[in-house]
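Take a look at the structure below.
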Amino acid sequence: MKTLLYVDCCIRREQSRTRLLAEAFLKNLPEGWRVETVTLMDEPLLPLMEGGFLQRDELLTRGDLHHRRFDYAWQFQKADAILIAAPFYDLSIPALLKVYIENVSVDGITFLCDEKGLRGACRAGSMTFLTSRGGFYDGSPEEMGSRYMEAMCTFFGTGVYRCVAADGVDMDPAKTPAILADACERAAQAAQML
Ligand SMILES: Cc1cc2nc3c(=O)[nH]c(=O)nc-3n(C[C@H](O)[C@H](O)[C@H](O)COP(=O)(O)O)c2cc1C
């Protein structure tokens with residue numbers, strides 16, 4: 001059995017359109033996959049600052065990589081595939097997802113930095129990013145959500161990067177259902193590529 005780590009950052013939960021894409025993806029998983037979900041809205045995640053920053057530094061200096069604060073990083077490192085769902089906020093990803101990324105970015109767990117250079121250390125063969133955006137940003141230089149996640153995929157060494165986006169969901173309410181239906185179809189296809 002392979003493990004798909006599903007990072008749920010659909011902040012509006014049941015109201016979230018991004019969540020529809022995630023549901024379509026998860027419903028279409030090929031045989032042989034189990035899902036491990038981390039719902040970021042329910043996690044005690046903190047940004048790097050003050051005592052938490054110092055504690056992390058001390059643990060890394062001592063080489064103590066098995067402290068419980070690194071559990072998110074080990075879970076991420078061990079997954080066979082990564083699925084992340086998050087809406088588009090302020091031209092990028094929500095701060096909550098960025099805080100999670102701060103927590104999983106640990107030298108010696110998810111990436112390595114030594115005399116051989118900087119390289120990813122994750123096992124996953126792919127990272128799929130699902131998102132929905134109020135406006136139309138496909139290919140735009142102002143789109144810094146998916147582009148950032150693609151860079152993080154390279155950083156972590158999480159294999160192939162795929163993004164499925166529902167663009168323009170807040171522009172014309174009459175067109176939103178069709179936009180979402182199309183994106184859900186593409187999310188279902190992305191699941192088959194695992
Ligand atoms: C705080 C916030 C920031 C947003 N920033 C942008 C933005 O920069 N560009 C854009 O096109 N839409 C923006 N939106 C609209 C969302 O991307 C859009 O409504 C998305 O579908 C929300 O996803 P959800 O339904 O999963 O919550 C923003 C919405 C919120 C709440």
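Chain labels follow the order of the structure tokens: the first chain is A, the next B, and so on; residue numbering restarts at 1 in every chain, and ligands are counted from 1 in their shown order.
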
Fewer than 4 positions away in the same chain doesn't count, so skip those; otherwise give me all residues within 7 Å of stretch 99-102 of chain A, counting only C-alpha atoms, as a PyMOL selection string.
chain A and resi 45-47+95

Quick one: write out the picked residues with N, CA and C atoms as a JSON list (two decimals), in the first residue's frame?
```
[["chain", "number", "residue", "atom", "x", "y", "z"],
["A", 45, "LEU", "N", -0.20, 24.90, 14.37],
["A", 45, "LEU", "CA", 0.97, 25.35, 13.62],
["A", 45, "LEU", "C", 1.38, 26.78, 14.03],
["A", 46, "LEU", "N", 2.67, 26.98, 14.18],
["A", 46, "LEU", "CA", 3.17, 28.32, 14.53],
["A", 46, "LEU", "C", 4.23, 28.74, 13.52],
["A", 47, "PRO", "N", 4.27, 30.03, 13.18],
["A", 47, "PRO", "CA", 5.36, 30.49, 12.31],
["A", 47, "PRO", "C", 6.68, 30.51, 13.10],
["A", 95, "ALA", "N", -1.33, 32.21, 4.06],
["A", 95, "ALA", "CA", -0.26, 32.21, 5.08],
["A", 95, "ALA", "C", -0.23, 30.88, 5.84]]
```

Within 7 Å of stretch 131-142 of chain A, counting only C-alpha atoms, which residues show up once you throw out same-chain ones fewer than 3 positions away? Write them as a count of residues only, please.
15

May I have the residues within 12 Å of A:Pro44 as a list in words, using only C-alpha atoms and disregarding those fewer than 6 positions away in the same chain?
Val38, Arg69, Tyr72, Leu96, Val99, Tyr100 and Asn103 of chain A

Could you write out that same residue set with N, CA, C and O atoms as a CSV table (one decimal), in the first residue's frame?
```csv
chain,number,residue,atom,x,y,z
A,38,VAL,N,-3.8,15.7,6.6
A,38,VAL,CA,-3.4,16.7,7.6
A,38,VAL,C,-4.3,18.0,7.3
A,38,VAL,O,-4.1,18.6,6.2
A,69,ARG,N,8.4,18.1,17.3
A,69,ARG,CA,8.1,19.3,16.5
A,69,ARG,C,8.5,19.0,15.0
A,69,ARG,O,8.0,19.7,14.1
A,72,TYR,N,5.7,16.8,11.5
A,72,TYR,CA,5.2,17.2,10.2
A,72,TYR,C,6.2,16.9,9.1
A,72,TYR,O,5.8,16.5,8.0
A,96,LEU,N,-1.4,30.3,6.1
A,96,LEU,CA,-1.5,29.0,6.8
A,96,LEU,C,-0.6,27.9,6.1
A,96,LEU,O,0.1,27.2,6.8
A,99,VAL,N,3.0,28.6,6.6
A,99,VAL,CA,3.5,28.2,8.0
A,99,VAL,C,3.7,26.7,8.0
A,99,VAL,O,4.7,26.2,8.6
A,100,TYR,N,2.9,26.0,7.4
A,100,TYR,CA,3.1,24.5,7.3
A,100,TYR,C,4.4,24.2,6.6
A,100,TYR,O,5.2,23.4,7.0
A,103,ASN,N,7.2,24.5,8.7
A,103,ASN,CA,7.4,23.4,9.6
A,103,ASN,C,7.9,22.1,9.0
A,103,ASN,O,8.5,21.3,9.6
```

Quick one: DSSP strand (DSSP E) residues in stretch 17-176 of chain A, as a compact mmCIF listing (two decimals) with C-alpha atoms, in the first residue's frame?
```txt
# COMPACT_ATOMS: atom_id res chain seq x y z
CA TRP A 33 -3.27 4.02 -2.25
CA ARG A 34 -4.16 4.98 1.31
CA VAL A 35 -4.75 8.60 2.29
CA GLU A 36 -3.24 10.33 5.29
CA THR A 37 -4.84 13.74 5.81
CA VAL A 38 -3.43 16.72 7.63
CA THR A 39 -6.08 19.42 8.01
CA ALA A 81 2.84 11.22 -3.12
CA ILE A 82 1.75 14.64 -1.93
CA LEU A 83 -1.60 16.32 -2.58
CA ILE A 84 -2.05 19.94 -1.47
CA ALA A 85 -5.31 21.90 -1.81
CA PHE A 111 16.09 18.43 2.22
CA LEU A 112 19.83 18.14 2.60
CA CYS A 113 22.41 20.89 2.54
CA ASP A 114 26.05 19.80 2.63
CA GLY A 117 25.01 21.08 -2.40
CA LEU A 118 21.34 21.61 -1.71
CA ARG A 119 18.95 18.81 -2.67
CA GLY A 120 15.57 17.38 -1.85
CA SER A 126 4.77 13.56 -7.31
CA MET A 127 3.26 16.68 -5.81
CA THR A 128 -0.19 17.74 -6.98
CA PHE A 129 -1.39 21.24 -6.14
CA LEU A 130 -5.11 22.00 -6.40
CA THR A 131 -6.29 25.58 -6.24
CA SER A 132 -9.10 27.96 -7.16
CA ARG A 133 -8.67 31.61 -8.02
CA VAL A 160 6.71 15.41 -10.83
CA TYR A 161 4.76 18.63 -10.18
CA ARG A 162 1.14 18.94 -11.34
CA CYS A 163 -1.23 21.83 -10.77
CA VAL A 164 -4.98 21.85 -11.39
CA ALA A 165 -6.56 25.29 -11.06
CA ALA A 166 -10.11 26.55 -11.32
CA ASP A 167 -9.56 30.05 -12.69
```

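Here atom CA of A:Gly159 and atom CA of A:Val7 stand 16.7 Å from one another.
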
Residue neighbourhood A:Ser146, 8 Å, only C-alpha atoms, exclusion window fewer than 3 positions, as a PyMOL selection string:
chain A and resi 92-93+129+143+149-150+163

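Residue nearest A:Met144, chosen from A:Asp90, A:Asp57, A:Glu31, A:Asp42 and counting only C-alpha atoms: A:Asp90.
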
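With only C-alpha atoms and all ligand atoms as the atoms that count, the residue of A:Ala22, A:Ala191, A:Ala151, A:Leu59 with the shortest distance to ligand 1 is A:Ala22.
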
Show me, as a PyMOL selection string, the residues that have an atom within 8 Å of A:Leu180 when counting only C-alpha atoms, minus same-chain residues fewer than 2 positions from it.
chain A and resi 17+20-21+166+169+176-178+182-184

If you keep all heavy atoms, can you produce a file of those selected residues as a PDB file, in the first residue's frame?
```
ATOM      1  N   ARG A  17     -14.567  26.064  -2.576  1.00  0.00           N
ATOM      2  CA  ARG A  17     -14.622  25.519  -3.939  1.00  0.00           C
ATOM      3  C   ARG A  17     -13.383  24.671  -4.220  1.00  0.00           C
ATOM      4  O   ARG A  17     -13.444  23.669  -4.939  1.00  0.00           O
ATOM      5  CB  ARG A  17     -14.726  26.634  -4.993  1.00  0.00           C
ATOM      6  CG  ARG A  17     -16.122  27.203  -5.187  1.00  0.00           C
ATOM      7  CD  ARG A  17     -16.493  28.248  -4.171  1.00  0.00           C
ATOM      8  NE  ARG A  17     -15.602  29.400  -4.119  1.00  0.00           N
ATOM      9  CZ  ARG A  17     -15.749  30.505  -4.835  1.00  0.00           C
ATOM     10  NH1 ARG A  17     -16.747  30.623  -5.670  1.00  0.00           N
ATOM     11  NH2 ARG A  17     -14.916  31.524  -4.699  1.00  0.00           N
ATOM     12  N   LEU A  20     -13.740  21.060  -3.586  1.00  0.00           N
ATOM     13  CA  LEU A  20     -14.417  20.214  -4.583  1.00  0.00           C
ATOM     14  C   LEU A  20     -13.389  19.513  -5.469  1.00  0.00           C
ATOM     15  O   LEU A  20     -13.557  18.347  -5.840  1.00  0.00           O
ATOM     16  CB  LEU A  20     -15.368  21.060  -5.454  1.00  0.00           C
ATOM     17  CG  LEU A  20     -16.507  21.767  -4.718  1.00  0.00           C
ATOM     18  CD1 LEU A  20     -17.292  22.643  -5.687  1.00  0.00           C
ATOM     19  CD2 LEU A  20     -17.430  20.740  -4.054  1.00  0.00           C
ATOM     20  N   LEU A  21     -12.319  20.247  -5.792  1.00  0.00           N
ATOM     21  CA  LEU A  21     -11.259  19.655  -6.622  1.00  0.00           C
ATOM     22  C   LEU A  21     -10.582  18.515  -5.853  1.00  0.00           C
ATOM     23  O   LEU A  21     -10.294  17.449  -6.416  1.00  0.00           O
ATOM     24  CB  LEU A  21     -10.205  20.711  -7.001  1.00  0.00           C
ATOM     25  CG  LEU A  21     -10.499  21.622  -8.191  1.00  0.00           C
ATOM     26  CD1 LEU A  21     -11.744  22.467  -7.986  1.00  0.00           C
ATOM     27  CD2 LEU A  21      -9.307  22.522  -8.471  1.00  0.00           C
ATOM     28  N   ALA A 166      -8.830  26.030 -10.825  1.00  0.00           N
ATOM     29  CA  ALA A 166     -10.114  26.555 -11.321  1.00  0.00           C
ATOM     30  C   ALA A 166      -9.936  28.071 -11.347  1.00  0.00           C
ATOM     31  O   ALA A 166      -9.860  28.707 -10.296  1.00  0.00           O
ATOM     32  CB  ALA A 166     -11.246  26.157 -10.381  1.00  0.00           C
ATOM     33  N   VAL A 169     -13.254  31.939 -10.726  1.00  0.00           N
ATOM     34  CA  VAL A 169     -14.486  31.489 -10.057  1.00  0.00           C
ATOM     35  C   VAL A 169     -15.311  32.630  -9.448  1.00  0.00           C
ATOM     36  O   VAL A 169     -16.487  32.438  -9.113  1.00  0.00           O
ATOM     37  CB  VAL A 169     -14.218  30.415  -8.959  1.00  0.00           C
ATOM     38  CG1 VAL A 169     -13.681  29.135  -9.553  1.00  0.00           C
ATOM     39  CG2 VAL A 169     -13.275  30.937  -7.885  1.00  0.00           C
ATOM     40  N   THR A 176     -19.440  30.023 -12.992  1.00  0.00           N
ATOM     41  CA  THR A 176     -18.658  29.318 -11.957  1.00  0.00           C
ATOM     42  C   THR A 176     -18.904  27.804 -11.937  1.00  0.00           C
ATOM     43  O   THR A 176     -17.935  27.026 -11.874  1.00  0.00           O
ATOM     44  CB  THR A 176     -18.922  29.943 -10.566  1.00  0.00           C
ATOM     45  OG1 THR A 176     -18.619  31.333 -10.660  1.00  0.00           O
ATOM     46  CG2 THR A 176     -18.068  29.311  -9.495  1.00  0.00           C
ATOM     47  N   PRO A 177     -20.160  27.337 -12.004  1.00  0.00           N
ATOM     48  CA  PRO A 177     -20.357  25.876 -11.968  1.00  0.00           C
ATOM     49  C   PRO A 177     -19.614  25.146 -13.088  1.00  0.00           C
ATOM     50  O   PRO A 177     -19.019  24.084 -12.844  1.00  0.00           O
ATOM     51  CB  PRO A 177     -21.879  25.726 -12.110  1.00  0.00           C
ATOM     52  CG  PRO A 177     -22.428  27.018 -11.586  1.00  0.00           C
ATOM     53  CD  PRO A 177     -21.437  28.067 -12.001  1.00  0.00           C
ATOM     54  N   ALA A 178     -19.605  25.717 -14.291  1.00  0.00           N
ATOM     55  CA  ALA A 178     -18.925  25.056 -15.415  1.00  0.00           C
ATOM     56  C   ALA A 178     -17.406  25.076 -15.201  1.00  0.00           C
ATOM     57  O   ALA A 178     -16.711  24.092 -15.503  1.00  0.00           O
ATOM     58  CB  ALA A 178     -19.285  25.744 -16.726  1.00  0.00           C
ATOM     59  N   ASP A 182     -15.229  21.599 -14.856  1.00  0.00           N
ATOM     60  CA  ASP A 182     -14.067  21.328 -15.715  1.00  0.00           C
ATOM     61  C   ASP A 182     -12.821  21.048 -14.860  1.00  0.00           C
ATOM     62  O   ASP A 182     -12.062  20.110 -15.129  1.00  0.00           O
ATOM     63  CB  ASP A 182     -13.838  22.540 -16.641  1.00  0.00           C
ATOM     64  CG  ASP A 182     -12.561  22.409 -17.427  1.00  0.00           C
ATOM     65  OD1 ASP A 182     -12.500  21.514 -18.297  1.00  0.00           O
ATOM     66  OD2 ASP A 182     -11.596  23.169 -17.158  1.00  0.00           O
ATOM     67  N   ALA A 183     -12.631  21.869 -13.821  1.00  0.00           N
ATOM     68  CA  ALA A 183     -11.448  21.682 -12.959  1.00  0.00           C
ATOM     69  C   ALA A 183     -11.538  20.350 -12.198  1.00  0.00           C
ATOM     70  O   ALA A 183     -10.523  19.667 -12.019  1.00  0.00           O
ATOM     71  CB  ALA A 183     -11.318  22.852 -11.987  1.00  0.00           C
ATOM     72  N   CYS A 184     -12.745  19.976 -11.776  1.00  0.00           N
ATOM     73  CA  CYS A 184     -12.908  18.691 -11.068  1.00  0.00           C
ATOM     74  C   CYS A 184     -12.567  17.526 -11.990  1.00  0.00           C
ATOM     75  O   CYS A 184     -11.946  16.547 -11.572  1.00  0.00           O
ATOM     76  CB  CYS A 184     -14.327  18.548 -10.519  1.00  0.00           C
ATOM     77  SG  CYS A 184     -14.613  19.565  -9.054  1.00  0.00           S
TER      78      CYS A 184
END
```

Dump as CSV the rows for residues of stretch 73-187 of chain A within 9 Å of stretch 63-67 of chain A: closest atom pair and distance in Å with one decimal, only C-alpha atoms counted, ordered by chain and rising residue number.
```
residue,atom,partner,partner_atom,distance
A:Trp74,CA,A:His66,CA,8.7
A:Val106,CA,A:Leu65,CA,8.7
A:Gly108,CA,A:Leu65,CA,7.6
A:Ile109,CA,A:Leu65,CA,7.6
```

DSSP on the backbone, then: every residue of stretch 40-184 of chain A marked helix (DSSP H, G or I), written as a PyMOL selection string.
chain A and resi 40-42+50-62+68-78+95-104+146-156+176-184
